[in-house]
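As stored in run.pdb (PDB, C-alpha atoms and all ligand atoms):
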ATOM      1  CA  MET A   1     132.212  86.658  74.606  1.00  0.00           C
ATOM      2  CA  LYS A   2     133.287  90.262  74.206  1.00  0.00           C
ATOM      3  CA  LEU A   3     131.118  92.082  76.728  1.00  0.00           C
ATOM      4  CA  LEU A   4     130.591  95.769  77.412  1.00  0.00           C
ATOM      5  CA  VAL A   5     129.355  96.719  80.883  1.00  0.00           C
ATOM      6  CA  PHE A   6     127.720 100.062  81.693  1.00  0.00           C
ATOM      7  CA  GLY A   7     127.497 100.973  85.360  1.00  0.00           C
ATOM      8  CA  ALA A   8     130.636  98.899  85.847  1.00  0.00           C
ATOM      9  CA  THR A   9     131.686 100.737  89.024  1.00  0.00           C
ATOM     10  CA  GLY A  10     128.308 100.268  90.731  1.00  0.00           C
ATOM     11  CA  GLY A  11     127.244  97.640  93.218  1.00  0.00           C
ATOM     12  CA  THR A  12     125.805  95.270  90.638  1.00  0.00           C
ATOM     13  CA  GLY A  13     128.073  96.335  87.767  1.00  0.00           C
ATOM     14  CA  ARG A  14     131.240  95.457  89.674  1.00  0.00           C
ATOM     15  CA  GLU A  15     129.837  91.995  90.313  1.00  0.00           C
ATOM     16  CA  VAL A  16     128.991  91.624  86.628  1.00  0.00           C
ATOM     17  CA  VAL A  17     132.538  92.599  85.666  1.00  0.00           C
ATOM     18  CA  GLN A  18     134.216  90.283  88.176  1.00  0.00           C
ATOM     19  CA  GLN A  19     132.023  87.278  87.478  1.00  0.00           C
ATOM     20  CA  ALA A  20     132.270  87.759  83.702  1.00  0.00           C
ATOM     21  CA  LEU A  21     136.064  87.839  83.892  1.00  0.00           C
ATOM     22  CA  ALA A  22     136.084  84.741  86.092  1.00  0.00           C
ATOM     23  CA  GLN A  23     133.945  82.990  83.467  1.00  0.00           C
ATOM     24  CA  GLY A  24     136.509  83.774  80.777  1.00  0.00           C
ATOM     25  CA  HIS A  25     134.728  86.589  78.986  1.00  0.00           C
ATOM     26  CA  GLU A  26     136.588  89.592  77.627  1.00  0.00           C
ATOM     27  CA  VAL A  27     135.133  92.570  79.441  1.00  0.00           C
ATOM     28  CA  THR A  28     135.123  96.264  78.681  1.00  0.00           C
ATOM     29  CA  ALA A  29     134.107  98.313  81.713  1.00  0.00           C
ATOM     30  CA  TYR A  30     132.672 101.673  80.746  1.00  0.00           C
ATOM     31  CA  ALA A  31     133.106 104.121  83.611  1.00  0.00           C
ATOM     32  CA  ARG A  32     133.105 107.839  84.325  1.00  0.00           C
ATOM     33  CA  ASN A  33     135.738 107.274  86.946  1.00  0.00           C
ATOM     34  CA  PRO A  34     137.736 104.080  86.299  1.00  0.00           C
ATOM     35  CA  ALA A  35     139.450 104.422  89.688  1.00  0.00           C
ATOM     36  CA  ARG A  36     136.147 103.328  91.222  1.00  0.00           C
ATOM     37  CA  LEU A  37     136.704  99.877  89.779  1.00  0.00           C
ATOM     38  CA  GLY A  38     139.170  99.570  92.640  1.00  0.00           C
ATOM     39  CA  ASP A  39     141.390  96.548  92.686  1.00  0.00           C
ATOM     40  CA  ILE A  40     139.777  94.634  89.819  1.00  0.00           C
ATOM     41  CA  THR A  41     142.619  93.694  87.499  1.00  0.00           C
ATOM     42  CA  HIS A  42     142.580  90.919  84.927  1.00  0.00           C
ATOM     43  CA  PRO A  43     144.190  90.336  81.526  1.00  0.00           C
ATOM     44  CA  GLY A  44     140.682  90.117  80.041  1.00  0.00           C
ATOM     45  CA  LEU A  45     139.647  93.542  81.383  1.00  0.00           C
ATOM     46  CA  GLN A  46     139.683  96.739  79.387  1.00  0.00           C
ATOM     47  CA  VAL A  47     138.514 100.015  80.827  1.00  0.00           C
ATOM     48  CA  VAL A  48     136.982 102.837  78.806  1.00  0.00           C
ATOM     49  CA  ARG A  49     136.480 106.179  80.491  1.00  0.00           C
ATOM     50  CA  GLY A  50     133.224 107.850  79.524  1.00  0.00           C
ATOM     51  CA  ASP A  51     129.828 109.192  80.486  1.00  0.00           C
ATOM     52  CA  VAL A  52     126.768 107.228  79.383  1.00  0.00           C
ATOM     53  CA  LEU A  53     125.131 110.545  78.476  1.00  0.00           C
ATOM     54  CA  ASP A  54     127.867 111.150  75.884  1.00  0.00           C
ATOM     55  CA  ALA A  55     126.246 109.530  72.830  1.00  0.00           C
ATOM     56  CA  ALA A  56     129.391 109.685  70.681  1.00  0.00           C
ATOM     57  CA  ALA A  57     131.524 108.051  73.372  1.00  0.00           C
ATOM     58  CA  VAL A  58     128.932 105.309  73.905  1.00  0.00           C
ATOM     59  CA  GLU A  59     128.800 104.703  70.145  1.00  0.00           C
ATOM     60  CA  LYS A  60     132.547 104.284  70.011  1.00  0.00           C
ATOM     61  CA  ALA A  61     132.625 102.002  73.044  1.00  0.00           C
ATOM     62  CA  VAL A  62     129.995  99.602  71.686  1.00  0.00           C
ATOM     63  CA  LEU A  63     131.982  98.795  68.539  1.00  0.00           C
ATOM     64  CA  GLY A  64     133.462  95.311  68.474  1.00  0.00           C
ATOM     65  CA  HIS A  65     131.379  93.833  71.294  1.00  0.00           C
ATOM     66  CA  GLU A  66     128.998  90.876  71.166  1.00  0.00           C
ATOM     67  CA  ALA A  67     126.704  91.831  74.031  1.00  0.00           C
ATOM     68  CA  VAL A  68     126.019  94.696  76.398  1.00  0.00           C
ATOM     69  CA  LEU A  69     125.051  94.577  80.070  1.00  0.00           C
ATOM     70  CA  CYS A  70     123.583  97.712  81.593  1.00  0.00           C
ATOM     71  CA  ALA A  71     123.524  98.295  85.360  1.00  0.00           C
ATOM     72  CA  ILE A  72     123.477 102.076  85.435  1.00  0.00           C
ATOM     73  CA  GLY A  73     121.810 103.834  88.322  1.00  0.00           C
ATOM     74  CA  ALA A  74     121.282 107.284  89.713  1.00  0.00           C
ATOM     75  CA  GLY A  75     119.940 106.970  93.233  1.00  0.00           C
ATOM     76  CA  ALA A  76     116.420 107.890  94.266  1.00  0.00           C
ATOM     77  CA  GLY A  77     116.233 111.532  93.194  1.00  0.00           C
ATOM     78  CA  ARG A  78     114.509 113.058  90.166  1.00  0.00           C
ATOM     79  CA  THR A  79     116.522 111.972  87.126  1.00  0.00           C
ATOM     80  CA  SER A  80     116.353 110.736  83.557  1.00  0.00           C
ATOM     81  CA  LEU A  81     119.828 109.176  83.649  1.00  0.00           C
ATOM     82  CA  ARG A  82     118.597 105.614  83.216  1.00  0.00           C
ATOM     83  CA  GLU A  83     116.277 106.583  80.364  1.00  0.00           C
ATOM     84  CA  ASP A  84     118.719 108.855  78.533  1.00  0.00           C
ATOM     85  CA  GLY A  85     121.745 106.640  79.100  1.00  0.00           C
ATOM     86  CA  THR A  86     119.898 103.557  77.941  1.00  0.00           C
ATOM     87  CA  ARG A  87     118.666 105.385  74.844  1.00  0.00           C
ATOM     88  CA  ASN A  88     122.286 106.156  73.945  1.00  0.00           C
ATOM     89  CA  ILE A  89     123.212 102.516  74.500  1.00  0.00           C
ATOM     90  CA  VAL A  90     120.312 101.219  72.384  1.00  0.00           C
ATOM     91  CA  ARG A  91     121.041 103.605  69.521  1.00  0.00           C
ATOM     92  CA  ALA A  92     124.743 102.748  69.581  1.00  0.00           C
ATOM     93  CA  MET A  93     123.964  99.040  69.531  1.00  0.00           C
ATOM     94  CA  GLN A  94     121.571  99.438  66.614  1.00  0.00           C
ATOM     95  CA  LYS A  95     124.168 101.402  64.682  1.00  0.00           C
ATOM     96  CA  ALA A  96     126.910  98.845  65.356  1.00  0.00           C
ATOM     97  CA  ASP A  97     124.563  95.870  64.903  1.00  0.00           C
ATOM     98  CA  VAL A  98     125.313  94.555  68.385  1.00  0.00           C
ATOM     99  CA  ARG A  99     122.130  92.657  69.227  1.00  0.00           C
ATOM    100  CA  ARG A 100     122.113  91.301  72.783  1.00  0.00           C
ATOM    101  CA  LEU A 101     121.246  93.652  75.647  1.00  0.00           C
ATOM    102  CA  ILE A 102     120.744  92.628  79.276  1.00  0.00           C
ATOM    103  CA  CYS A 103     119.376  95.597  81.195  1.00  0.00           C
ATOM    104  CA  GLN A 104     118.866  95.882  84.939  1.00  0.00           C
ATOM    105  CA  SER A 105     115.613  97.524  85.986  1.00  0.00           C
ATOM    106  CA  SER A 106     113.663  97.016  89.218  1.00  0.00           C
ATOM    107  CA  MET A 107     110.913  94.903  90.653  1.00  0.00           C
ATOM    108  CA  GLY A 108     107.852  97.097  90.977  1.00  0.00           C
ATOM    109  CA  VAL A 109     108.150  98.464  87.451  1.00  0.00           C
ATOM    110  CA  GLY A 110     105.357  97.665  84.979  1.00  0.00           C
ATOM    111  CA  ASP A 111     103.305  94.588  85.786  1.00  0.00           C
ATOM    112  CA  SER A 112     105.762  93.557  88.524  1.00  0.00           C
ATOM    113  CA  ARG A 113     104.215  96.172  90.824  1.00  0.00           C
ATOM    114  CA  ALA A 114     101.970  93.326  91.956  1.00  0.00           C
ATOM    115  CA  ASN A 115     105.051  91.483  93.296  1.00  0.00           C
ATOM    116  CA  LEU A 116     105.787  94.187  95.842  1.00  0.00           C
ATOM    117  CA  GLY A 117     104.865  93.828  99.490  1.00  0.00           C
ATOM    118  CA  LEU A 118     102.248  96.223 100.849  1.00  0.00           C
ATOM    119  CA  LEU A 119     104.725  98.443 102.721  1.00  0.00           C
ATOM    120  CA  THR A 120     106.932  98.842  99.669  1.00  0.00           C
ATOM    121  CA  LYS A 121     104.007  99.362  97.296  1.00  0.00           C
ATOM    122  CA  TYR A 122     102.049 101.895  99.328  1.00  0.00           C
ATOM    123  CA  VAL A 123     104.717 103.612 101.435  1.00  0.00           C
ATOM    124  CA  ILE A 124     108.308 103.165 100.284  1.00  0.00           C
ATOM    125  CA  VAL A 125     107.786 103.569  96.538  1.00  0.00           C
ATOM    126  CA  PRO A 126     105.478 106.610  96.663  1.00  0.00           C
ATOM    127  CA  LEU A 127     107.509 108.346  99.368  1.00  0.00           C
ATOM    128  CA  PHE A 128     111.079 107.518  98.437  1.00  0.00           C
ATOM    129  CA  LEU A 129     111.390 105.744  95.100  1.00  0.00           C
ATOM    130  CA  ARG A 130     108.872 107.352  92.761  1.00  0.00           C
ATOM    131  CA  HIS A 131     111.476 109.234  90.721  1.00  0.00           C
ATOM    132  CA  ALA A 132     113.728 106.202  90.331  1.00  0.00           C
ATOM    133  CA  PHE A 133     110.734 104.065  89.370  1.00  0.00           C
ATOM    134  CA  ALA A 134     109.523 106.626  86.826  1.00  0.00           C
ATOM    135  CA  ASP A 135     113.002 106.629  85.306  1.00  0.00           C
ATOM    136  CA  HIS A 136     113.023 102.825  85.174  1.00  0.00           C
ATOM    137  CA  GLU A 137     109.579 102.836  83.501  1.00  0.00           C
ATOM    138  CA  ARG A 138     110.909 105.124  80.772  1.00  0.00           C
ATOM    139  CA  GLN A 139     114.140 103.134  80.560  1.00  0.00           C
ATOM    140  CA  GLU A 140     112.190  99.923  80.014  1.00  0.00           C
ATOM    141  CA  ALA A 141     110.098 101.614  77.315  1.00  0.00           C
ATOM    142  CA  VAL A 142     113.271 102.608  75.452  1.00  0.00           C
ATOM    143  CA  VAL A 143     114.504  99.014  75.553  1.00  0.00           C
ATOM    144  CA  LYS A 144     111.149  97.450  74.622  1.00  0.00           C
ATOM    145  CA  GLU A 145     110.646  99.812  71.677  1.00  0.00           C
ATOM    146  CA  SER A 146     114.002  98.764  70.242  1.00  0.00           C
ATOM    147  CA  ASP A 147     114.478  95.899  67.810  1.00  0.00           C
ATOM    148  CA  LEU A 148     117.327  94.496  69.882  1.00  0.00           C
ATOM    149  CA  ASP A 149     117.522  91.039  71.462  1.00  0.00           C
ATOM    150  CA  TRP A 150     116.827  92.370  74.927  1.00  0.00           C
ATOM    151  CA  THR A 151     116.137  90.988  78.356  1.00  0.00           C
ATOM    152  CA  ILE A 152     115.118  93.299  81.197  1.00  0.00           C
ATOM    153  CA  VAL A 153     115.976  91.978  84.658  1.00  0.00           C
ATOM    154  CA  ARG A 154     113.869  93.152  87.600  1.00  0.00           C
ATOM    155  CA  PRO A 155     115.424  92.577  91.029  1.00  0.00           C
ATOM    156  CA  PRO A 156     113.825  93.688  94.310  1.00  0.00           C
ATOM    157  CA  HIS A 157     115.795  95.248  97.179  1.00  0.00           C
ATOM    158  CA  LEU A 158     119.510  94.738  96.533  1.00  0.00           C
ATOM    159  CA  LYS A 159     121.807  93.655  99.308  1.00  0.00           C
ATOM    160  CA  ASP A 160     125.444  92.746  99.643  1.00  0.00           C
ATOM    161  CA  GLY A 161     126.208  89.092  99.950  1.00  0.00           C
ATOM    162  CA  PRO A 162     127.652  86.133  98.106  1.00  0.00           C
ATOM    163  CA  ARG A 163     126.666  84.651  94.784  1.00  0.00           C
ATOM    164  CA  THR A 164     124.603  81.630  95.716  1.00  0.00           C
ATOM    165  CA  GLY A 165     123.190  80.799  92.284  1.00  0.00           C
ATOM    166  CA  THR A 166     120.031  79.824  94.143  1.00  0.00           C
ATOM    167  CA  TYR A 167     117.139  82.221  93.645  1.00  0.00           C
ATOM    168  CA  ARG A 168     113.769  82.398  91.968  1.00  0.00           C
ATOM    169  CA  HIS A 169     113.284  83.988  88.573  1.00  0.00           C
ATOM    170  CA  GLY A 170     110.601  84.474  85.977  1.00  0.00           C
ATOM    171  CA  PHE A 171     107.811  84.150  88.539  1.00  0.00           C
ATOM    172  CA  PRO A 172     104.387  85.563  87.651  1.00  0.00           C
ATOM    173  CA  SER A 173     103.393  89.097  88.633  1.00  0.00           C
ATOM    174  CA  THR A 174     100.793  87.589  90.951  1.00  0.00           C
ATOM    175  CA  ASP A 175     103.443  85.736  92.986  1.00  0.00           C
ATOM    176  CA  THR A 176     103.675  87.339  96.409  1.00  0.00           C
ATOM    177  CA  GLY A 177     105.650  84.467  97.944  1.00  0.00           C
ATOM    178  CA  ILE A 178     109.041  85.880  97.100  1.00  0.00           C
ATOM    179  CA  GLN A 179     111.342  87.330  99.776  1.00  0.00           C
ATOM    180  CA  GLY A 180     111.737  90.707  98.079  1.00  0.00           C
ATOM    181  CA  LYS A 181     115.511  90.817  98.319  1.00  0.00           C
ATOM    182  CA  ILE A 182     118.540  89.443  96.525  1.00  0.00           C
ATOM    183  CA  SER A 183     122.295  89.963  96.558  1.00  0.00           C
ATOM    184  CA  ARG A 184     123.872  92.047  93.832  1.00  0.00           C
ATOM    185  CA  ALA A 185     126.146  89.054  93.176  1.00  0.00           C
ATOM    186  CA  ASP A 186     123.142  86.868  92.376  1.00  0.00           C
ATOM    187  CA  VAL A 187     121.630  89.549  90.133  1.00  0.00           C
ATOM    188  CA  ALA A 188     124.924  89.605  88.239  1.00  0.00           C
ATOM    189  CA  ASP A 189     124.872  85.799  88.093  1.00  0.00           C
ATOM    190  CA  PHE A 190     121.403  85.878  86.538  1.00  0.00           C
ATOM    191  CA  MET A 191     122.283  88.658  84.085  1.00  0.00           C
ATOM    192  CA  LEU A 192     125.336  86.765  82.845  1.00  0.00           C
ATOM    193  CA  LYS A 193     123.386  83.510  82.531  1.00  0.00           C
ATOM    194  CA  GLN A 194     121.073  85.257  80.062  1.00  0.00           C
ATOM    195  CA  LEU A 195     123.929  85.456  77.559  1.00  0.00           C
ATOM    196  CA  ALA A 196     123.699  81.713  76.997  1.00  0.00           C
ATOM    197  CA  THR A 197     119.931  81.391  76.701  1.00  0.00           C
ATOM    198  CA  ASP A 198     116.959  82.891  74.911  1.00  0.00           C
ATOM    199  CA  THR A 199     114.544  81.828  77.659  1.00  0.00           C
ATOM    200  CA  TYR A 200     113.798  85.423  78.593  1.00  0.00           C
ATOM    201  CA  LEU A 201     114.294  87.041  75.199  1.00  0.00           C
ATOM    202  CA  HIS A 202     111.982  90.083  74.980  1.00  0.00           C
ATOM    203  CA  LEU A 203     110.791  89.429  78.526  1.00  0.00           C
ATOM    204  CA  THR A 204     111.146  91.142  81.907  1.00  0.00           C
ATOM    205  CA  PRO A 205     111.898  88.421  84.475  1.00  0.00           C
ATOM    206  CA  GLY A 206     111.904  89.199  88.147  1.00  0.00           C
ATOM    207  CA  VAL A 207     114.716  87.677  90.192  1.00  0.00           C
ATOM    208  CA  SER A 208     114.479  87.266  93.956  1.00  0.00           C
ATOM    209  CA  TYR A 209     115.096  84.892  96.873  1.00  0.00           C
TER
HETATM  210  N1  LIG B 301     119.242  99.570  95.355  1.00  0.00           N
HETATM  211  C1  LIG B 301     118.253  98.713  95.213  1.00  0.00           C
HETATM  212  O1  LIG B 301     117.778  98.092  96.187  1.00  0.00           O
HETATM  213  C2  LIG B 301     117.703  98.463  93.834  1.00  0.00           C
HETATM  214  C3  LIG B 301     116.663  97.569  93.680  1.00  0.00           C
HETATM  215  C4  LIG B 301     116.194  97.271  92.392  1.00  0.00           C
HETATM  216  C5  LIG B 301     116.761  97.896  91.287  1.00  0.00           C
HETATM  217  N2  LIG B 301     117.758  98.799  91.467  1.00  0.00           N
HETATM  218  C6  LIG B 301     118.322  99.434  90.260  1.00  0.00           C
HETATM  219  O2  LIG B 301     119.450  98.691  89.854  1.00  0.00           O
HETATM  220  C7  LIG B 301     120.349  99.548  89.140  1.00  0.00           C
HETATM  221  C8  LIG B 301     121.757  99.302  89.657  1.00  0.00           C
HETATM  222  O3  LIG B 301     121.767  99.494  91.054  1.00  0.00           O
HETATM  223  P1  LIG B 301     123.164  99.494  91.864  1.00  0.00           P
HETATM  224  O4  LIG B 301     122.820  99.758  93.293  1.00  0.00           O
HETATM  225  O5  LIG B 301     123.959  98.297  91.507  1.00  0.00           O
HETATM  226  O6  LIG B 301     123.855 100.786  91.189  1.00  0.00           O
HETATM  227  P2  LIG B 301     124.850 101.871  91.801  1.00  0.00           P
HETATM  228  O7  LIG B 301     125.743 101.221  92.820  1.00  0.00           O
HETATM  229  O8  LIG B 301     124.097 103.086  92.181  1.00  0.00           O
HETATM  230  O9  LIG B 301     125.745 102.180  90.513  1.00  0.00           O
HETATM  231  C9  LIG B 301     125.266 102.917  89.452  1.00  0.00           C
HETATM  232  C10 LIG B 301     126.288 102.872  88.333  1.00  0.00           C
HETATM  233  O10 LIG B 301     125.850 103.748  87.281  1.00  0.00           O
HETATM  234  C11 LIG B 301     126.951 104.542  86.899  1.00  0.00           C
HETATM  235  N3  LIG B 301     126.564 105.818  86.351  1.00  0.00           N
HETATM  236  C12 LIG B 301     125.724 106.731  86.883  1.00  0.00           C
HETATM  237  N4  LIG B 301     125.658 107.821  86.083  1.00  0.00           N
HETATM  238  C13 LIG B 301     126.499 107.572  85.034  1.00  0.00           C
HETATM  239  C14 LIG B 301     126.878 108.307  83.891  1.00  0.00           C
HETATM  240  N5  LIG B 301     126.360 109.526  83.658  1.00  0.00           N
HETATM  241  N6  LIG B 301     127.743 107.755  83.023  1.00  0.00           N
HETATM  242  C15 LIG B 301     128.259 106.527  83.267  1.00  0.00           C
HETATM  243  N7  LIG B 301     127.942 105.773  84.319  1.00  0.00           N
HETATM  244  C16 LIG B 301     127.081 106.295  85.199  1.00  0.00           C
HETATM  245  C17 LIG B 301     127.715 104.753  88.196  1.00  0.00           C
HETATM  246  O11 LIG B 301     129.006 105.227  87.900  1.00  0.00           O
HETATM  247  P3  LIG B 301     129.834 106.160  88.924  1.00  0.00           P
HETATM  248  O12 LIG B 301     130.671 105.209  89.728  1.00  0.00           O
HETATM  249  O13 LIG B 301     130.657 107.018  88.023  1.00  0.00           O
HETATM  250  O14 LIG B 301     128.840 106.943  89.737  1.00  0.00           O
HETATM  251  C18 LIG B 301     127.679 103.344  88.758  1.00  0.00           C
HETATM  252  O15 LIG B 301     128.641 102.549  88.116  1.00  0.00           O
HETATM  253  C19 LIG B 301     119.848 100.974  89.370  1.00  0.00           C
HETATM  254  O16 LIG B 301     119.281 101.473  88.200  1.00  0.00           O
HETATM  255  C20 LIG B 301     118.813 100.843  90.485  1.00  0.00           C
HETATM  256  O17 LIG B 301     117.747 101.774  90.339  1.00  0.00           O
HETATM  257  C21 LIG B 301     118.249  99.087  92.702  1.00  0.00           C
END
Could you write out this file's structure as structure tokens?
Amino acid sequence: MKLLVFGATGGTGREVVQQALAQGHEVTAYARNPARLGDITHPGLQVVRGDVLDAAAVEKAVLGHEAVLCAIGAGAGRTSLREDGTRNIVRAMQKADVRRLICQSSMGVGDSRANLGLLTKYVIVPLFLRHAFADHERQEAVVKESDLDWTIVRPPHLKDGPRTGTYRHGFPSTDTGIQGKISRADVADFMLKQLATDTYLHLTPGVSY
């Protein structure tokens, strides 16, 4: 497929780009600073320099693609980057009639708050992650209010590590048996797998070891 990846220079985004290329997709990496893609080179890779907050640039980038994967992030501080960037992506997709959107959010958002461990729920999120979570809540609302064929992916704590392809997904919000961590490579694996299935169409699956 012809894929467009936002957040392509980030921890998860780089994994999405590399795995997608390895699977034979044609990939456009949208990046403010393409140099941050580092040593990723592949005949199937195109790089577009741009800011996700630049609506006109996003609109132009979306043209000609079959699906969009969004892994944008902005750290833990007060921000509306995820919300505003995702709104630009959604509007551009609607205009270009590109239907499939796989968007990375976070475990703990919406009804998945129940999946969090006690320390994360009552200490880490309120003290350190409340701004990022508020941004993800608004980001998810933008996606859910759209008429696109969307899937929102909610990983817990991200870590470096290999793609194992072995993780739990789509568990209920009452499931507290999950480990609460997953490698960025496995999040990318799950995001890319969504391109071939409608299992989680218009749903917000968690993904975790
Ligand atoms: N860290 C965790 O444990 C965790 C857990 C659950 C969910 N999440 C969420 O998962 C998402 C991805 O996390 P990550 O750690 O893989 O991301 P990350 O490494 O922080 O990367 C974020 C990406 O967003 C891009 N970006 C930021 N502002 C941009 C802009 N204005 N225009 C274009 N691109 C922009 C960055 O580009 P630059 O290279 O130009 O900065 C980078 O490619 C985040 O939204 C995060 O909140 C994180």
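Among the candidates A:Cys70, A:His157, A:Arg184, A:Ile102, the one nearest to A:Ile124 when counting only C-alpha atoms is A:His157.
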Could you pull the residues within 12 Å of A:Gly11, counting all atoms listed in the file, minus those fewer than 6 positions along the same chain, as a PDB file with C-alpha atoms, in the coordinates of the input?
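After the write, selection30.pdb holds the following:
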ATOM      1  CA  VAL A  17     132.538  92.599  85.666  1.00  0.00           C
ATOM      2  CA  GLN A  18     134.216  90.283  88.176  1.00  0.00           C
ATOM      3  CA  ARG A  36     136.147 103.328  91.222  1.00  0.00           C
ATOM      4  CA  LEU A  37     136.704  99.877  89.779  1.00  0.00           C
ATOM      5  CA  ALA A  71     123.524  98.295  85.360  1.00  0.00           C
ATOM      6  CA  ILE A  72     123.477 102.076  85.435  1.00  0.00           C
ATOM      7  CA  GLY A  73     121.810 103.834  88.322  1.00  0.00           C
ATOM      8  CA  ALA A  74     121.282 107.284  89.713  1.00  0.00           C
ATOM      9  CA  GLY A  75     119.940 106.970  93.233  1.00  0.00           C
ATOM     10  CA  GLN A 104     118.866  95.882  84.939  1.00  0.00           C
ATOM     11  CA  LEU A 158     119.510  94.738  96.533  1.00  0.00           C
ATOM     12  CA  LYS A 159     121.807  93.655  99.308  1.00  0.00           C
ATOM     13  CA  ASP A 160     125.444  92.746  99.643  1.00  0.00           C
ATOM     14  CA  GLY A 161     126.208  89.092  99.950  1.00  0.00           C
ATOM     15  CA  SER A 183     122.295  89.963  96.558  1.00  0.00           C
ATOM     16  CA  ARG A 184     123.872  92.047  93.832  1.00  0.00           C
ATOM     17  CA  ALA A 185     126.146  89.054  93.176  1.00  0.00           C
ATOM     18  CA  ASP A 186     123.142  86.868  92.376  1.00  0.00           C
ATOM     19  CA  VAL A 187     121.630  89.549  90.133  1.00  0.00           C
ATOM     20  CA  ALA A 188     124.924  89.605  88.239  1.00  0.00           C
TER      21      ALA A 188
END
- Could I get the residue neighbourhood of ligand LIG 301 (chain B) at 8 Å, counting all atoms listed in the file, as a PyMOL selection string? chain A and resi 6-14+30-34+36+50-54+71-76+81-82+85+104-107+132-133+136+154-159+181+184
How big is the axis-aligned box around all listed atoms of stretch 117-131 of chain A once 5 Å goes on each side, and where's its centre, in Å to one decimal, as JSON?
{"center_x": 106.8, "center_y": 101.5, "center_z": 96.7, "size_x": 19.4, "size_y": 25.4, "size_z": 22.0}
- Task: Apply the PyMOL selection byres (((chain A and resi 179) around 10) and not hetatm) to the displayed file and report the matching residues as a PyMOL selection string.
- Result: chain A and resi 115-117+156-157+167-168+176-178+180-182+208-209
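The spacing separating atom CA of A:Lys144 from atom CA of A:Arg99 amounts to 13.1 Å.
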- Task: Measuring atom to atom with only C-alpha atoms, identify which of A:Thr174, A:Gln23, A:Ser146, A:Thr41 is nearest to A:Arg91.
- Result: A:Ser146
- Query: Pick the closest to A:Val48 from A:Ser80, A:Thr204, A:Val27, A:Asp175: which is it, counting all atoms listed in the file?
  - Reply: A:Val27
- Item | Gap from atom CA of A:Val143 to atom CA of A:Phe128 - Å, one decimal |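 Atom-to-atom, atom CA of A:Val143 to atom CA of A:Phe128, that is 24.7 Å.
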- Residues at most 12 Å from A:Ala141, counting all atoms listed in the file, excluding those fewer than 3 positions away in the same chain, as a ChimeraX atom specification? /A:82-84,86-87,90,103,105,109-110,134-138,144-147,150,152,202,204
Taking the file as I've supplied it (selection: the PyMOL selection byres (((chain A and resi 189) around 9) and not hetatm)), which residues are included? Please answer as a tab-separated table (two decimals) with C-alpha atoms, keeping the file's coordinate frame.
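Result saved to out-v6.tsv:
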chain	number	residue	atom	x	y	z
A	15	GLU	CA	129.84	92.00	90.31
A	16	VAL	CA	128.99	91.62	86.63
A	19	GLN	CA	132.02	87.28	87.48
A	20	ALA	CA	132.27	87.76	83.70
A	163	ARG	CA	126.67	84.65	94.78
A	164	THR	CA	124.60	81.63	95.72
A	165	GLY	CA	123.19	80.80	92.28
A	184	ARG	CA	123.87	92.05	93.83
A	185	ALA	CA	126.15	89.05	93.18
A	186	ASP	CA	123.14	86.87	92.38
A	187	VAL	CA	121.63	89.55	90.13
A	188	ALA	CA	124.92	89.60	88.24
A	190	PHE	CA	121.40	85.88	86.54
A	191	MET	CA	122.28	88.66	84.08
A	192	LEU	CA	125.34	86.76	82.84
A	193	LYS	CA	123.39	83.51	82.53
A	194	GLN	CA	121.07	85.26	80.06
- Interatomic distance (Å, one decimal) between atom CA of A:Ala56 and atom CA of A:Gln94: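 Taking atom CA of A:Ala56 and atom CA of A:Gln94, their separation equals 13.5 Å.
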- Message: Calculated over all atoms listed in the file, which of the candidates A:Ala196, A:Ala35, A:Val58, A:Ala96 has the smallest distance to A:Val5?
- Response: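 Once distances to A:Val5 are computed over all atoms listed in the file, the minimum belongs to A:Val58.
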